[in-house]
There are 2 protein chains.
Amino acid sequence: MRENDWLRHAARLFGSRHQGIPVGVGDDCAVLSPAGELLVSTDTVVAGVHFDLSLMDHRDAGWRALAVALSDLAACGADPQRPIAALVSAQLPAELTDENLLTLADGLGQCSQAHNCAIVGGDTVSTPGPLALTLTVLGYAERAVLRRGARPGDLLAVSGPLGRAGAGMFALRAGFTEPAYDDCRRAYRRPQALLAAGHVLARTATAMMDLSDGLLMDLDRLCAASGVGANVELNDLPLTPAAREIFTRLGHDPAVTAATFGDDYQLLVALHPTSFETMHAEMPGLTVVGHIVEGDAVHVLRDGRPVEIAQRGYEHGKENETS
Amino acid sequence: MRENDWLRHAARLFGSRHQGIPVGVGDDCAVLSPAGELLVSTDTVVAGVHFDLSLMDHRDAGWRALAVALSDLAACGADPQRPIAALVSAQLPAELTDENLLTLADGLGQCSQAHNCAIVGGDTVSTPGPLALTLTVLGYAERAVLRRGARPGDLLAVSGPLGRAGAGMFALRAGFTEPAYDDCRRAYRRPQALLAAGHVLARTATAMMDLSDGLLMDLDRLCAASGVGANVELNDLPLTPAAREIFTRLGHDPAVTAATFGDDYQLLVALHPTSFETMHAEMPGLTVVGHIVEGDAVHVLRDGRPVEIAQRGYEHGKENETS
């Protein structure tokens, strides 16, 4: 038990059986209508479990907590032109200084501004435990794109480079200070929620989700939700030269690490081949990394040959299957 | 700083200036339109800070966490006939057993069923700290009733008895096992969110909020939001015989304790005298406890004479002014 099971248990007694709630527990966002399609999602981060204050400051931690939550809205195709809102619940340990708190608030505020997201409420409590933030986000979509819906024959694409956040974390841990790695460090500390891209992709995507726990683990979830399998080609994964260099310096296989690390918050999308062409014209970074097949297995290939990967992803002490 | 200030600081950079977000930080709920009036609110409870597992079991703790959050929807006049939804973010310490977790989920499920509220999502993470739950709730109202809006001349009323939850907690701590105190113990462990009452009152209330931190502290907030003062008559507060008896046995002034303890989740409402008569016919428990006056001071009276009360309320380690 634990993790999802207990929430499903709670939801079982009175789950999403209301006709005004087409999607409840189990996807990136819950969907509530009437009211068009209202998207809601929540994410909790705990210091020392989901973020490491020796690798980032409180400003980064605030930014990151909100961006990660907003990424779930992007994954469902929220419209950046309609209202986007967040509620911030914070558990503050006594040892947090006023300066830490202000810096944390600055990071949240900067992120909310960058994503055109209003902070509309919250709750602040004291705790004998570590600093923890729960971000609940709301947005609207003309059409919510879910994890289910991918069909055999669809192309599988990612919205941009993979592995930057992982490379950034490794660079920070290893003390690599090269300015060429700034982009990777920034990707780790200050992820972006790809709301504009998600909204464009939502026009034709058959299934979509954000990559929080690594391509392979998240793809397993998309395939399970859609009742399909997939093939992924490691050689097709987009990596930046800096990320590739960091992984190589530390003796990690770049493509495998990029496929399993997570924290990139790029979008993973299934598309019919004809709509891929249209989308690619608008989003040059959109990159095909595999395709959807019949069955229920995700096969990882290198140069077309199957490879075994023991560790599918990076769990961050959390389970991300619920909205 | 701390508490509200830091959240306001975060909201300042990009607060509720979107035309689709008429109310942000500062009331029981945030209000988001278009989409009619969508109400959203969040509440966090931490074991050992906001609930005491020596006085209740995990089932009660689950029930209570959700009911307390739903009470904010009641306080804004959410329509129980339209969808009501909750997201549950849980931080679970390693020592929590599977049985504890199932019991907690049962309590959440029972409460969701009792309030016709769908659990539509959540997030579960591990923590080195204590058990903590963040409940985010959503509902719709034809007209959201806020804390602001009370006018001099309005009557001030409560939806039902005060002090039951406080008396229940005292009875549990003192080991009073009399069956006559069951109602008080239940009020403490299993509060109800008064959605039906809130929806009825919303038809004519000029201001409304739920009583979480005690009548006097919460009334201060309602008056501050409305820019008015109030007089409260201690002799008019409705107490049950059991609550009065428990307070008396323990040497506490019953009316003062009922006015300052909190945890009752009754609704506090300001109404024009003519609409009070209409409301009272539908809700016999509705009781006038004072009236709204010009100014900014809340005066507490006993038999019409001013009394000084040093401790205005019970903070529960939290600040409840944000939604």
# chains A, B, ... in the order shown; residues from 1 in each chain; ligands from 1
>>> select_by_dssp(residues="range 93-271 of chain B", states="strand (DSSP E or B)", output="VMD selection string")
chain B and resid 93 118 to 127 132 to 141 155 to 158 207 to 210 229 to 233 267 to 271
>>> write_last_selection(atoms="C-alpha atoms", output="PDB file, in the first residue's frame")
ATOM      1  CA  PRO B  93       6.253   9.742   7.908  1.00  0.00           C
ATOM      2  CA  ALA B 118     -15.592  14.186  -4.803  1.00  0.00           C
ATOM      3  CA  ILE B 119     -11.916  13.632  -4.087  1.00  0.00           C
ATOM      4  CA  VAL B 120     -10.435  14.472  -7.493  1.00  0.00           C
ATOM      5  CA  GLY B 121      -6.699  14.275  -6.970  1.00  0.00           C
ATOM      6  CA  GLY B 122      -3.788  14.765  -4.692  1.00  0.00           C
ATOM      7  CA  ASP B 123      -0.152  14.036  -4.104  1.00  0.00           C
ATOM      8  CA  THR B 124       1.524  11.703  -1.645  1.00  0.00           C
ATOM      9  CA  VAL B 125       5.071  12.200  -0.480  1.00  0.00           C
ATOM     10  CA  SER B 126       7.292  10.858   2.253  1.00  0.00           C
ATOM     11  CA  THR B 127       8.596  13.152   4.973  1.00  0.00           C
ATOM     12  CA  ALA B 132       0.596  16.465   7.451  1.00  0.00           C
ATOM     13  CA  LEU B 133      -2.390  16.874   5.168  1.00  0.00           C
ATOM     14  CA  THR B 134      -3.185  19.731   2.797  1.00  0.00           C
ATOM     15  CA  LEU B 135      -6.763  19.761   1.579  1.00  0.00           C
ATOM     16  CA  THR B 136      -7.704  21.932  -1.373  1.00  0.00           C
ATOM     17  CA  VAL B 137     -11.418  22.213  -2.002  1.00  0.00           C
ATOM     18  CA  LEU B 138     -13.454  23.598  -4.892  1.00  0.00           C
ATOM     19  CA  GLY B 139     -17.091  24.475  -5.264  1.00  0.00           C
ATOM     20  CA  TYR B 140     -19.446  26.803  -7.080  1.00  0.00           C
ATOM     21  CA  ALA B 141     -21.730  29.533  -5.831  1.00  0.00           C
ATOM     22  CA  LEU B 155     -27.440  41.860  13.074  1.00  0.00           C
ATOM     23  CA  LEU B 156     -24.649  39.452  13.879  1.00  0.00           C
ATOM     24  CA  ALA B 157     -25.734  35.831  14.146  1.00  0.00           C
ATOM     25  CA  VAL B 158     -24.234  32.357  14.494  1.00  0.00           C
ATOM     26  CA  ALA B 207     -20.816  39.089   5.200  1.00  0.00           C
ATOM     27  CA  MET B 208     -20.061  35.557   6.353  1.00  0.00           C
ATOM     28  CA  MET B 209     -17.200  33.389   7.613  1.00  0.00           C
ATOM     29  CA  ASP B 210     -16.711  30.115   9.450  1.00  0.00           C
ATOM     30  CA  GLY B 229     -17.090  47.517  14.491  1.00  0.00           C
ATOM     31  CA  ALA B 230     -19.368  45.198  16.465  1.00  0.00           C
ATOM     32  CA  ASN B 231     -20.914  44.607  19.874  1.00  0.00           C
ATOM     33  CA  VAL B 232     -21.225  41.048  21.143  1.00  0.00           C
ATOM     34  CA  GLU B 233     -23.336  40.042  24.145  1.00  0.00           C
ATOM     35  CA  LEU B 267     -21.024  30.135  10.518  1.00  0.00           C
ATOM     36  CA  LEU B 268     -20.831  33.751  11.626  1.00  0.00           C
ATOM     37  CA  VAL B 269     -23.072  35.948   9.548  1.00  0.00           C
ATOM     38  CA  ALA B 270     -24.044  39.612   9.270  1.00  0.00           C
ATOM     39  CA  LEU B 271     -27.616  40.188   8.100  1.00  0.00           C
TER      40      LEU B 271
END
>>> residues_around(residues="range 293-298 of chain B", least_positions_apart="4", cutoff="7 Å", atoms="only C-alpha atoms", output="ChimeraX atom specification")
/B:152-153,220,223-224,227-231
>>> closest_residue(among="A:Ala197, A:Ile84, A:Leu211, A:Ala74", to="chain B", atoms="only C-alpha atoms")
A:Ile84
>>> residues_around(residues="His280 in chain A", least_positions_apart="3", cutoff="12 Å", atoms="only C-alpha atoms", output="ChimeraX atom specification")
/A:157-160,197,200-201,204,271,273-277,283-288
>>> closest_residue(among="A:Asp72, A:Asp236, A:Asp154, A:Glu37", to="chain B", atoms="only C-alpha atoms")
A:Glu37
>>> select_by_dssp(residues="range 88-298 of chain A", states="alpha helix (DSSP H)", output="MDAnalysis selection string")
chainID A and resid 98:114 164:174 182:189 195:201 215:226 241:249 254:260 273:282
>>> write_last_selection(atoms="C-alpha atoms", output="PDB file, in the first residue's frame")
ATOM      1  CA  ASP A  98      12.522  35.832   8.011  1.00  0.00           C
ATOM      2  CA  GLU A  99      15.112  36.343   5.288  1.00  0.00           C
ATOM      3  CA  ASN A 100      14.670  32.742   4.080  1.00  0.00           C
ATOM      4  CA  LEU A 101      10.932  33.263   4.065  1.00  0.00           C
ATOM      5  CA  LEU A 102      11.112  36.484   2.076  1.00  0.00           C
ATOM      6  CA  THR A 103      13.456  34.866  -0.410  1.00  0.00           C
ATOM      7  CA  LEU A 104      11.119  31.905  -0.759  1.00  0.00           C
ATOM      8  CA  ALA A 105       8.216  34.284  -1.349  1.00  0.00           C
ATOM      9  CA  ASP A 106      10.265  36.167  -3.940  1.00  0.00           C
ATOM     10  CA  GLY A 107      10.921  32.951  -5.828  1.00  0.00           C
ATOM     11  CA  LEU A 108       7.229  32.074  -5.779  1.00  0.00           C
ATOM     12  CA  GLY A 109       6.312  35.588  -6.868  1.00  0.00           C
ATOM     13  CA  GLN A 110       8.869  35.650  -9.686  1.00  0.00           C
ATOM     14  CA  CYS A 111       7.678  32.304 -10.964  1.00  0.00           C
ATOM     15  CA  SER A 112       4.033  33.365 -10.777  1.00  0.00           C
ATOM     16  CA  GLN A 113       4.859  36.500 -12.733  1.00  0.00           C
ATOM     17  CA  ALA A 114       6.882  34.623 -15.352  1.00  0.00           C
ATOM     18  CA  ARG A 164      19.563  19.268 -18.720  1.00  0.00           C
ATOM     19  CA  ALA A 165      18.182  19.287 -15.178  1.00  0.00           C
ATOM     20  CA  GLY A 166      19.941  16.038 -14.293  1.00  0.00           C
ATOM     21  CA  ALA A 167      23.206  17.306 -15.760  1.00  0.00           C
ATOM     22  CA  GLY A 168      22.746  20.552 -13.829  1.00  0.00           C
ATOM     23  CA  MET A 169      22.305  18.685 -10.567  1.00  0.00           C
ATOM     24  CA  PHE A 170      25.354  16.524 -11.252  1.00  0.00           C
ATOM     25  CA  ALA A 171      27.386  19.634 -12.124  1.00  0.00           C
ATOM     26  CA  LEU A 172      26.334  21.309  -8.882  1.00  0.00           C
ATOM     27  CA  ARG A 173      27.173  18.217  -6.831  1.00  0.00           C
ATOM     28  CA  ALA A 174      30.526  17.786  -8.573  1.00  0.00           C
ATOM     29  CA  ASP A 182      24.821  27.591 -16.581  1.00  0.00           C
ATOM     30  CA  ASP A 183      21.948  26.469 -18.748  1.00  0.00           C
ATOM     31  CA  CYS A 184      21.933  23.031 -17.099  1.00  0.00           C
ATOM     32  CA  ARG A 185      22.158  24.440 -13.566  1.00  0.00           C
ATOM     33  CA  ARG A 186      19.336  26.808 -14.374  1.00  0.00           C
ATOM     34  CA  ALA A 187      17.202  23.992 -15.801  1.00  0.00           C
ATOM     35  CA  TYR A 188      17.596  22.185 -12.486  1.00  0.00           C
ATOM     36  CA  ARG A 189      16.984  25.158 -10.201  1.00  0.00           C
ATOM     37  CA  LEU A 195       2.240  26.358 -20.870  1.00  0.00           C
ATOM     38  CA  ALA A 196       2.457  27.893 -24.347  1.00  0.00           C
ATOM     39  CA  ALA A 197       3.853  24.689 -25.856  1.00  0.00           C
ATOM     40  CA  GLY A 198       1.282  22.545 -24.054  1.00  0.00           C
ATOM     41  CA  HIS A 199      -1.531  24.692 -25.340  1.00  0.00           C
ATOM     42  CA  VAL A 200      -0.297  24.441 -28.935  1.00  0.00           C
ATOM     43  CA  LEU A 201       0.280  20.690 -28.684  1.00  0.00           C
ATOM     44  CA  LEU A 215      11.108   9.650 -19.920  1.00  0.00           C
ATOM     45  CA  LEU A 216      11.006   5.891 -19.399  1.00  0.00           C
ATOM     46  CA  MET A 217       9.073   5.874 -16.135  1.00  0.00           C
ATOM     47  CA  ASP A 218       6.645   8.519 -17.341  1.00  0.00           C
ATOM     48  CA  LEU A 219       6.193   6.790 -20.708  1.00  0.00           C
ATOM     49  CA  ASP A 220       5.274   3.592 -18.841  1.00  0.00           C
ATOM     50  CA  ARG A 221       2.465   5.604 -17.227  1.00  0.00           C
ATOM     51  CA  LEU A 222       1.255   7.135 -20.485  1.00  0.00           C
ATOM     52  CA  CYS A 223       1.224   3.710 -22.151  1.00  0.00           C
ATOM     53  CA  ALA A 224      -0.583   2.097 -19.198  1.00  0.00           C
ATOM     54  CA  ALA A 225      -3.234   4.843 -19.243  1.00  0.00           C
ATOM     55  CA  SER A 226      -3.691   4.501 -23.022  1.00  0.00           C
ATOM     56  CA  PRO A 241      26.199  19.543 -25.788  1.00  0.00           C
ATOM     57  CA  ALA A 242      26.661  20.767 -22.195  1.00  0.00           C
ATOM     58  CA  ALA A 243      24.466  18.020 -20.736  1.00  0.00           C
ATOM     59  CA  ARG A 244      26.202  15.394 -22.838  1.00  0.00           C
ATOM     60  CA  GLU A 245      29.593  16.688 -21.690  1.00  0.00           C
ATOM     61  CA  ILE A 246      28.663  16.697 -17.995  1.00  0.00           C
ATOM     62  CA  PHE A 247      27.325  13.130 -18.120  1.00  0.00           C
ATOM     63  CA  THR A 248      30.393  11.947 -20.041  1.00  0.00           C
ATOM     64  CA  ARG A 249      32.857  13.616 -17.625  1.00  0.00           C
ATOM     65  CA  PRO A 254      24.338  10.426 -21.669  1.00  0.00           C
ATOM     66  CA  ALA A 255      21.253   9.027 -23.419  1.00  0.00           C
ATOM     67  CA  VAL A 256      20.373   6.535 -20.682  1.00  0.00           C
ATOM     68  CA  THR A 257      20.786   9.189 -17.993  1.00  0.00           C
ATOM     69  CA  ALA A 258      18.694  11.679 -19.976  1.00  0.00           C
ATOM     70  CA  ALA A 259      16.007   9.002 -20.405  1.00  0.00           C
ATOM     71  CA  THR A 260      15.827   8.133 -16.719  1.00  0.00           C
ATOM     72  CA  PRO A 273       2.147  11.520 -37.976  1.00  0.00           C
ATOM     73  CA  THR A 274       0.254  14.088 -40.077  1.00  0.00           C
ATOM     74  CA  SER A 275      -0.299  16.406 -37.129  1.00  0.00           C
ATOM     75  CA  PHE A 276       3.344  16.077 -36.121  1.00  0.00           C
ATOM     76  CA  GLU A 277       4.334  17.893 -39.316  1.00  0.00           C
ATOM     77  CA  THR A 278       2.022  20.810 -38.524  1.00  0.00           C
ATOM     78  CA  MET A 279       3.198  21.011 -34.926  1.00  0.00           C
ATOM     79  CA  HIS A 280       6.853  20.778 -35.864  1.00  0.00           C
ATOM     80  CA  ALA A 281       6.512  23.824 -38.102  1.00  0.00           C
ATOM     81  CA  GLU A 282       5.371  25.816 -35.048  1.00  0.00           C
TER      82      GLU A 282
END
